[in-house]
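One file, upload08.csv, carrying CSV, C-alpha atoms:
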chain,number,residue,atom,x,y,z
G,228,MET,CA,9.1,-18.5,6.2
G,229,ARG,CA,11.7,-16.2,7.7
G,230,ILE,CA,14.4,-14.0,6.1
G,231,SER,CA,17.3,-12.3,7.8
G,232,LEU,CA,18.0,-8.7,7.0
G,233,GLY,CA,21.1,-8.6,9.1
G,234,ASP,CA,20.0,-7.0,12.3
G,235,VAL,CA,16.5,-8.5,12.3
G,236,SER,CA,14.7,-11.6,11.0
G,237,LEU,CA,11.3,-11.1,9.5
G,238,TRP,CA,8.5,-13.6,9.0
G,239,PHE,CA,6.7,-13.6,5.6
G,240,ASP,CA,4.2,-15.7,3.6
G,241,VAL,CA,2.7,-15.6,0.1
G,242,SER,CA,-0.7,-16.3,-1.4
G,243,GLY,CA,-0.9,-17.2,-5.1
G,244,PRO,CA,1.7,-18.3,-7.6
G,245,SER,CA,4.3,-15.9,-9.1
G,246,VAL,CA,4.5,-17.8,-12.4
G,247,ILE,CA,1.5,-19.4,-14.2
G,248,PRO,CA,1.3,-21.5,-17.4
G,249,GLN,CA,-0.2,-19.8,-20.5
G,250,GLY,CA,-0.3,-21.9,-23.6
G,251,ASP,CA,3.2,-23.1,-24.5
G,252,THR,CA,4.9,-20.6,-22.2
G,253,THR,CA,4.6,-19.1,-18.7
G,254,VAL,CA,3.7,-15.6,-17.4
G,255,GLU,CA,5.0,-13.8,-14.4
G,256,ARG,CA,2.2,-12.3,-12.3
G,257,PRO,CA,2.5,-9.0,-10.4
G,258,VAL,CA,3.5,-9.1,-6.8
G,259,LEU,CA,1.8,-7.0,-4.2
G,260,VAL,CA,3.5,-6.5,-0.9
G,261,ALA,CA,0.9,-6.0,1.9
G,262,VAL,CA,1.8,-4.0,5.0
G,263,HIS,CA,-0.5,-4.8,7.9
G,264,GLY,CA,-2.3,-2.6,10.4
G,265,GLY,CA,-1.3,-1.8,14.0
G,266,PRO,CA,0.8,-0.9,15.8
G,267,GLY,CA,1.2,-4.1,17.8
G,268,LEU,CA,-0.9,-6.3,15.5
G,269,ASP,CA,0.2,-8.7,12.7
G,270,HIS,CA,-0.4,-9.7,9.1
G,271,MET,CA,-3.7,-11.2,9.9
G,272,THR,CA,-5.2,-7.7,9.8
G,273,VAL,CA,-4.8,-7.8,6.0
G,274,LYS,CA,-4.6,-11.5,4.9
G,275,SER,CA,-8.2,-12.5,5.1
G,276,ALA,CA,-9.3,-9.1,3.6
G,277,LEU,CA,-6.9,-9.3,0.6
G,278,GLU,CA,-7.1,-13.0,-0.1
G,279,PRO,CA,-9.3,-12.6,-3.2
G,280,LEU,CA,-6.4,-10.7,-4.8
G,281,ALA,CA,-4.4,-13.9,-5.0
G,282,ALA,CA,-6.6,-14.8,-8.1
G,283,ASP,CA,-4.7,-12.1,-10.0
G,284,PHE,CA,-1.5,-11.4,-8.1
G,285,GLN,CA,1.0,-13.0,-5.8
G,286,VAL,CA,0.4,-11.3,-2.5
G,287,LEU,CA,3.3,-11.2,0.0
G,288,TYR,CA,2.4,-10.8,3.6
G,289,PHE,CA,4.9,-10.1,6.4
G,290,ASP,CA,5.1,-9.1,10.0
G,291,LEU,CA,6.8,-5.8,10.8
G,292,ARG,CA,9.7,-5.8,13.2
G,293,GLY,CA,8.4,-6.1,16.7
G,294,HIS,CA,5.1,-7.7,15.5
G,295,GLY,CA,3.6,-11.1,15.1
G,296,ARG,CA,6.1,-13.8,14.2
G,297,SER,CA,9.0,-11.5,13.3
G,298,ASP,CA,11.8,-10.7,15.7
G,299,ARG,CA,10.8,-8.3,18.5
G,300,SER,CA,14.1,-6.5,18.2
G,301,SER,CA,14.3,-3.5,20.6
G,302,ALA,CA,11.9,-0.6,21.4
G,303,GLU,CA,14.4,1.9,20.0
G,304,SER,CA,13.7,0.4,16.6
G,305,TRP,CA,9.9,0.5,16.8
G,306,ASN,CA,9.5,3.6,14.7
G,307,MET,CA,8.3,4.6,11.3
G,308,ARG,CA,11.7,5.2,9.7
G,309,THR,CA,13.0,1.8,10.7
G,310,TRP,CA,9.9,-0.1,9.6
G,311,ALA,CA,10.1,1.7,6.2
G,312,ASP,CA,13.7,0.8,5.8
G,313,ASP,CA,12.9,-2.8,6.8
G,314,LEU,CA,10.3,-2.8,4.0
G,315,ARG,CA,12.9,-1.6,1.5
G,316,ARG,CA,15.4,-4.2,2.6
G,317,LEU,CA,12.8,-7.0,2.6
G,318,CYS,CA,12.0,-6.3,-1.1
G,319,ASP,CA,15.6,-6.2,-2.0
G,320,ALA,CA,16.4,-9.5,-0.2
G,321,LEU,CA,13.5,-11.1,-2.1
G,322,GLY,CA,14.6,-9.6,-5.5
G,323,LEU,CA,11.5,-7.4,-5.9
G,324,ARG,CA,12.3,-4.6,-8.3
G,325,LYS,CA,10.1,-1.6,-8.3
G,326,PRO,CA,7.6,-3.3,-5.9
G,327,VAL,CA,3.9,-2.3,-5.5
G,328,ILE,CA,3.2,-1.8,-1.9
G,329,LEU,CA,-0.3,-2.0,-0.4
G,330,GLY,CA,-0.4,-0.4,3.1
G,331,SER,CA,-3.6,-0.9,5.0
G,332,SER,CA,-4.5,1.4,8.0
G,333,PHE,CA,-1.4,1.8,10.1
G,334,GLY,CA,0.5,-0.1,7.3
G,335,GLY,CA,-0.4,2.9,5.1
G,336,ASP,CA,1.8,5.1,7.4
G,337,VAL,CA,4.7,2.7,6.8
G,338,ALA,CA,4.1,2.6,3.0
G,339,LEU,CA,3.9,6.4,2.7
G,340,THR,CA,7.1,6.8,4.8
G,341,TYR,CA,8.8,4.2,2.6
G,342,ALA,CA,7.8,5.9,-0.6
G,343,ALA,CA,9.0,9.3,0.7
G,344,LEU,CA,12.3,8.1,2.1
G,345,PHE,CA,13.2,5.9,-0.9
G,346,PRO,CA,11.5,7.7,-3.8
G,347,ASP,CA,13.3,5.7,-6.5
G,348,HIS,CA,12.7,2.3,-4.9
G,349,SER,CA,8.9,1.7,-5.2
G,350,GLY,CA,7.0,1.1,-8.4
G,351,ALA,CA,3.8,2.3,-6.8
G,352,ILE,CA,2.0,2.4,-3.5
G,353,ILE,CA,-1.6,1.8,-2.5
G,354,LEU,CA,-2.9,3.6,0.6
G,355,ALA,CA,-5.9,1.7,1.8
G,356,ASN,CA,-8.2,2.9,4.6
G,357,THR,CA,-5.4,5.1,6.1
G,358,THR,CA,-4.8,8.7,7.0
G,359,GLY,CA,-1.0,8.2,6.5
G,360,GLY,CA,-0.4,9.0,10.2
G,361,HIS,CA,-3.0,11.6,11.2
G,362,TRP,CA,-4.9,9.2,13.6
G,363,ASP,CA,-5.5,11.8,16.3
G,364,ASP,CA,-7.2,14.4,14.1
G,365,PRO,CA,-10.2,15.9,15.8
G,366,ARG,CA,-12.3,14.8,12.8
G,367,VAL,CA,-11.8,11.2,13.9
G,368,ILE,CA,-13.7,11.9,17.1
G,369,GLU,CA,-16.5,13.5,15.2
G,370,ALA,CA,-16.7,10.5,12.8
G,371,PHE,CA,-16.9,8.0,15.6
G,372,GLY,CA,-19.6,10.1,17.2
G,373,ARG,CA,-21.6,10.0,13.9
G,374,VAL,CA,-21.5,6.2,13.6
G,375,GLY,CA,-21.3,5.2,17.3
G,376,GLY,CA,-22.8,8.0,19.3
G,377,PRO,CA,-21.4,9.9,22.4
G,378,GLU,CA,-19.9,6.9,24.1
G,379,ALA,CA,-17.7,6.0,21.1
G,380,ALA,CA,-16.7,9.7,20.7
G,381,ALA,CA,-15.7,9.9,24.3
G,382,ILE,CA,-13.6,6.8,24.2
G,383,VAL,CA,-11.7,8.0,21.1
G,384,GLU,CA,-11.2,11.4,22.8
G,385,ARG,CA,-9.6,9.6,25.8
G,386,VAL,CA,-7.4,7.6,23.4
G,387,ARG,CA,-6.3,10.9,21.7
G,388,THR,CA,-5.5,12.4,25.1
G,389,TYR,CA,-3.4,9.4,26.0
G,390,ARG,CA,-1.5,9.4,22.8
G,391,ARG,CA,-0.7,13.1,23.4
G,392,GLY,CA,0.9,12.3,26.7
G,393,GLY,CA,-2.1,12.7,28.9
G,394,TYR,CA,-2.9,10.6,31.9
G,395,ALA,CA,-4.7,7.2,31.5
G,396,ALA,CA,-5.6,5.5,34.8
G,397,ASP,CA,-5.4,2.1,33.1
G,398,ALA,CA,-4.3,1.9,29.5
G,399,GLU,CA,-5.4,-1.7,29.4
G,400,ASP,CA,-9.0,-0.8,30.4
G,401,LEU,CA,-9.0,2.0,27.8
G,402,GLN,CA,-8.0,-0.5,25.1
G,403,ALA,CA,-10.7,-2.9,26.3
G,404,GLU,CA,-13.3,-0.2,26.1
G,405,PHE,CA,-12.1,0.7,22.6
G,406,THR,CA,-12.3,-2.9,21.5
G,407,ARG,CA,-15.8,-3.3,23.0
G,408,VAL,CA,-17.4,-0.1,21.7
G,409,CYS,CA,-15.4,1.2,18.8
G,410,TYR,CA,-14.0,-1.8,17.0
G,411,PRO,CA,-17.4,-3.1,16.1
G,412,LEU,CA,-17.9,0.2,14.3
G,413,TYR,CA,-15.2,-0.6,11.8
G,414,SER,CA,-17.8,-2.2,9.5
G,415,ALA,CA,-21.5,-1.9,9.0
G,416,THR,CA,-22.0,-5.1,7.1
G,417,PRO,CA,-23.7,-8.1,8.6
G,418,GLY,CA,-21.6,-10.6,10.6
G,419,TRP,CA,-18.8,-8.2,11.5
G,420,ALA,CA,-19.2,-8.6,15.2
G,421,GLU,CA,-18.5,-12.3,15.2
G,422,GLU,CA,-15.9,-12.1,12.5
G,423,SER,CA,-14.0,-9.4,14.3
G,424,ARG,CA,-14.1,-11.4,17.5
G,425,ARG,CA,-12.5,-14.3,15.8
G,426,PHE,CA,-10.2,-12.0,13.9
G,427,LEU,CA,-8.8,-10.5,17.2
G,428,ALA,CA,-8.6,-13.9,19.0
G,429,ARG,CA,-6.3,-15.5,16.4
G,430,MET,CA,-4.0,-12.5,16.0
G,431,ILE,CA,-0.6,-12.4,17.6
G,432,ARG,CA,-0.5,-9.0,19.4
G,433,ASN,CA,2.4,-7.1,21.0
G,434,PRO,CA,0.9,-4.4,23.3
G,435,ASP,CA,4.4,-3.2,24.1
G,436,VAL,CA,4.8,-1.9,20.5
G,437,ALA,CA,1.6,0.0,20.6
G,438,ALA,CA,2.4,1.5,24.0
G,439,HIS,CA,5.9,2.5,22.9
G,440,TYR,CA,4.6,4.0,19.6
G,441,ASP,CA,1.8,5.9,21.3
G,442,SER,CA,4.0,7.4,24.0
G,443,HIS,CA,7.3,8.0,22.1
G,444,GLU,CA,6.7,8.1,18.3
G,445,VAL,CA,3.3,9.5,17.4
G,446,LEU,CA,4.3,13.1,18.2
G,447,SER,CA,7.9,12.9,17.1
G,448,PHE,CA,7.4,12.0,13.4
G,449,ASP,CA,4.7,12.9,10.9
G,450,PRO,CA,4.8,11.0,7.6
G,451,TRP,CA,3.0,14.0,6.0
G,452,SER,CA,6.1,16.1,6.5
G,453,LEU,CA,7.7,14.0,3.7
G,454,LEU,CA,4.9,14.1,1.2
G,455,GLY,CA,6.8,16.3,-1.1
G,456,ALA,CA,9.4,13.6,-1.7
G,457,VAL,CA,6.9,11.0,-3.0
G,458,ARG,CA,7.3,10.5,-6.7
G,459,CYS,CA,5.8,7.1,-7.5
G,460,PRO,CA,2.2,6.6,-8.5
G,461,VAL,CA,-0.3,6.4,-5.6
G,462,LEU,CA,-3.7,4.9,-5.3
G,463,VAL,CA,-5.7,6.1,-2.3
G,464,LEU,CA,-8.7,4.0,-1.3
G,465,ALA,CA,-11.1,5.7,1.2
G,466,GLY,CA,-14.3,4.5,2.7
G,467,GLU,CA,-16.8,7.4,2.7
G,468,ASP,CA,-18.1,6.3,6.2
G,469,ASP,CA,-14.8,5.3,7.7
G,470,PRO,CA,-14.7,6.6,11.3
G,471,VAL,CA,-11.0,5.7,11.8
G,472,CYS,CA,-9.9,7.5,8.7
G,473,PRO,CA,-12.5,10.2,7.9
G,474,LEU,CA,-12.9,11.0,4.3
G,475,PRO,CA,-12.0,14.7,4.7
G,476,VAL,CA,-8.7,13.8,6.3
G,477,VAL,CA,-7.9,11.3,3.5
G,478,GLU,CA,-8.9,13.9,0.8
G,479,GLU,CA,-6.5,16.4,2.4
G,480,LEU,CA,-3.7,13.8,2.3
G,481,ALA,CA,-4.4,13.0,-1.3
G,482,SER,CA,-4.5,16.7,-2.2
G,483,GLN,CA,-0.9,17.1,-1.0
G,484,LEU,CA,0.5,14.2,-3.1
G,485,PRO,CA,1.5,14.8,-6.8
G,486,ALA,CA,-1.7,15.4,-8.7
G,487,ASP,CA,-0.6,13.8,-11.9
G,488,THR,CA,0.4,10.5,-10.3
G,489,THR,CA,-2.2,10.2,-7.5
G,490,ARG,CA,-5.7,8.8,-7.8
G,491,LEU,CA,-8.3,8.9,-5.0
G,492,VAL,CA,-11.1,6.4,-5.1
G,493,ARG,CA,-14.0,7.1,-2.7
G,494,LEU,CA,-16.0,4.0,-1.7
G,495,PRO,CA,-19.6,4.8,-0.8
G,496,GLY,CA,-21.0,2.8,2.1
G,497,ALA,CA,-17.6,1.5,3.3
G,498,ARG,CA,-16.2,2.1,6.7
G,499,HIS,CA,-12.7,1.0,7.8
G,500,THR,CA,-12.9,-2.5,6.3
G,501,ILE,CA,-13.1,-1.3,2.8
G,502,PHE,CA,-12.3,-4.6,1.1
G,503,ARG,CA,-15.0,-6.3,3.2
G,504,ASP,CA,-17.6,-3.5,2.8
G,505,ARG,CA,-17.2,-2.7,-0.9
G,506,PRO,CA,-15.3,-5.6,-2.6
G,507,ASP,CA,-17.1,-4.7,-5.8
G,508,LEU,CA,-15.3,-1.4,-5.9
G,509,ALA,CA,-12.1,-1.9,-4.0
G,510,PHE,CA,-10.7,-4.9,-5.7
G,511,PRO,CA,-11.3,-3.7,-9.3
G,512,ALA,CA,-9.6,-0.4,-8.3
G,513,VAL,CA,-6.5,-2.2,-7.3
G,514,LYS,CA,-6.4,-4.4,-10.3
G,515,THR,CA,-6.9,-1.5,-12.7
G,516,PHE,CA,-4.2,0.6,-11.0
G,517,VAL,CA,-1.6,-2.3,-11.1
G,518,ALA,CA,-2.5,-3.0,-14.7
G,519,GLN,CA,-1.9,0.7,-15.6
G,520,ILE,CA,1.4,0.6,-13.8
G,521,ARG,CA,2.6,-2.5,-15.6
G,522,GLN,CA,1.5,-1.0,-18.9
G,523,SER,CA,3.4,2.2,-18.3
G,524,HIS,CA,6.5,0.3,-17.0
G,525,PRO,CA,6.5,-3.1,-18.7
G,526,ALA,CA,10.1,-3.9,-17.6
G,527,SER,CA,9.3,-3.3,-13.9

Translate the structure of the given file into structure tokens.
Amino acid sequence: MRISLGDVSLWFDVSGPSVIPQGDTTVERPVLVAVHGGPGLDHMTVKSALEPLAADFQVLYFDLRGHGRSDRSSAESWNMRTWADDLRRLCDALGLRKPVILGSSFGGDVALTYAALFPDHSGAIILANTTGGHWDDPRVIEAFGRVGGPEAAAIVERVRTYRRGGYAADAEDLQAEFTRVCYPLYSATPGWAEESRRFLARMIRNPDVAAHYDSHEVLSFDPWSLLGAVRCPVLVLAGEDDPVCPLPVVEELASQLPADTTRLVRLPGARHTIFRDRPDLAFPAVKTFVAQIRQSHPAS
């Protein structure tokens, strides 16, 4: 389905019913709005991973502006503030009051920015396997080196240099190297190599968004600069062995959010694909968090 927000049309989909029968009446289930990874990828980065949540929630997936099946719009609008505003307007257009937003990986950057720019809009946010924007931290290189050895660390170092305005002889070759060497390190569980190959093959990718974001946006805006404005409850889910989002960086992020409304859940044995690696811990954490939010704000 598509919905117009005026200057852009966004594609969205849902899994699970919003209303279910219960005895002689009906019950409205919570809605989770999932924000996908990237930049330049689409909602398939989260749909297969989060599908089990449809047993308890209605999960809304959408493609960010410039991504997937949504309008490409223009490069000037491919930035964190615009994506955060699109998220707010999407929820308003669909009548979602005090929504719970689950941002995965790069989507966590968007969710964090949204919560900070519109502190009275969100009911809660879930930051899953994300650093909230600190992707080029030196500790990412160290983490990839631990799980993938010197070759992986060297490739990530080259990506970091490229993102900081350094020279890359061929950005496409660099991306291909990252996909070949580093992407398989996103999970340590059996079957990931083939699953990730199919995962990438069926995805709609827009490399122009990634290139623009890396060269124009990464250094111009840091979502952490807005952390003091976040007022809604926050659940942070972190894989203890995640090379993309090293645990010390995520712990630092969580420590700068309001202590009384922020909960950090560390997932032992999980890398970047936390819902795949530790479904026994990640899904119950989400369900418990949302139940607590609804109990605290039953009218939301």

### Summary
Using all atoms listed in the file, the residue out of G:Ser332, G:Ala282, G:Val477, G:Leu427 with shortest distance to G:His263 is G:Ser332

#### Entry: Shell around stretch 299-316 of chain G at 6 Å using only C-alpha atoms, local window under 5 positions removed, as a list in words
Arg292, Gly293, Val337 and Tyr341 of chain G

So that I have them on file, write out the residues from the current selection with C-alpha atoms, as a PDB file, keeping the file's coordinate frame.
ATOM      1  CA  ARG G 292       9.700  -5.800  13.200  1.00  0.00           C
ATOM      2  CA  GLY G 293       8.400  -6.100  16.700  1.00  0.00           C
ATOM      3  CA  VAL G 337       4.700   2.700   6.800  1.00  0.00           C
ATOM      4  CA  TYR G 341       8.800   4.200   2.600  1.00  0.00           C
TER       5      TYR G 341
END

### Query
Which distance in Å separates atom CA of G:Phe371 and atom CA of G:Ser331, to one decimal?
19.2 Å

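Checking G:Ala509, G:Ile230, G:Leu412, G:Leu491 one by one against G:Pro475, counting only C-alpha atoms, you find the shortest gap at G:Leu491.
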
#### Entry: Distance of atom CA of G:Gly267 from atom CA of G:Val476, expressed in Å to one decimal place
23.5 Å

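Shortest separation to G:Val436 among G:Ala281, G:Leu268, G:Leu287, G:Val408 occurs at residue G:Leu268, atoms counted being only C-alpha atoms.
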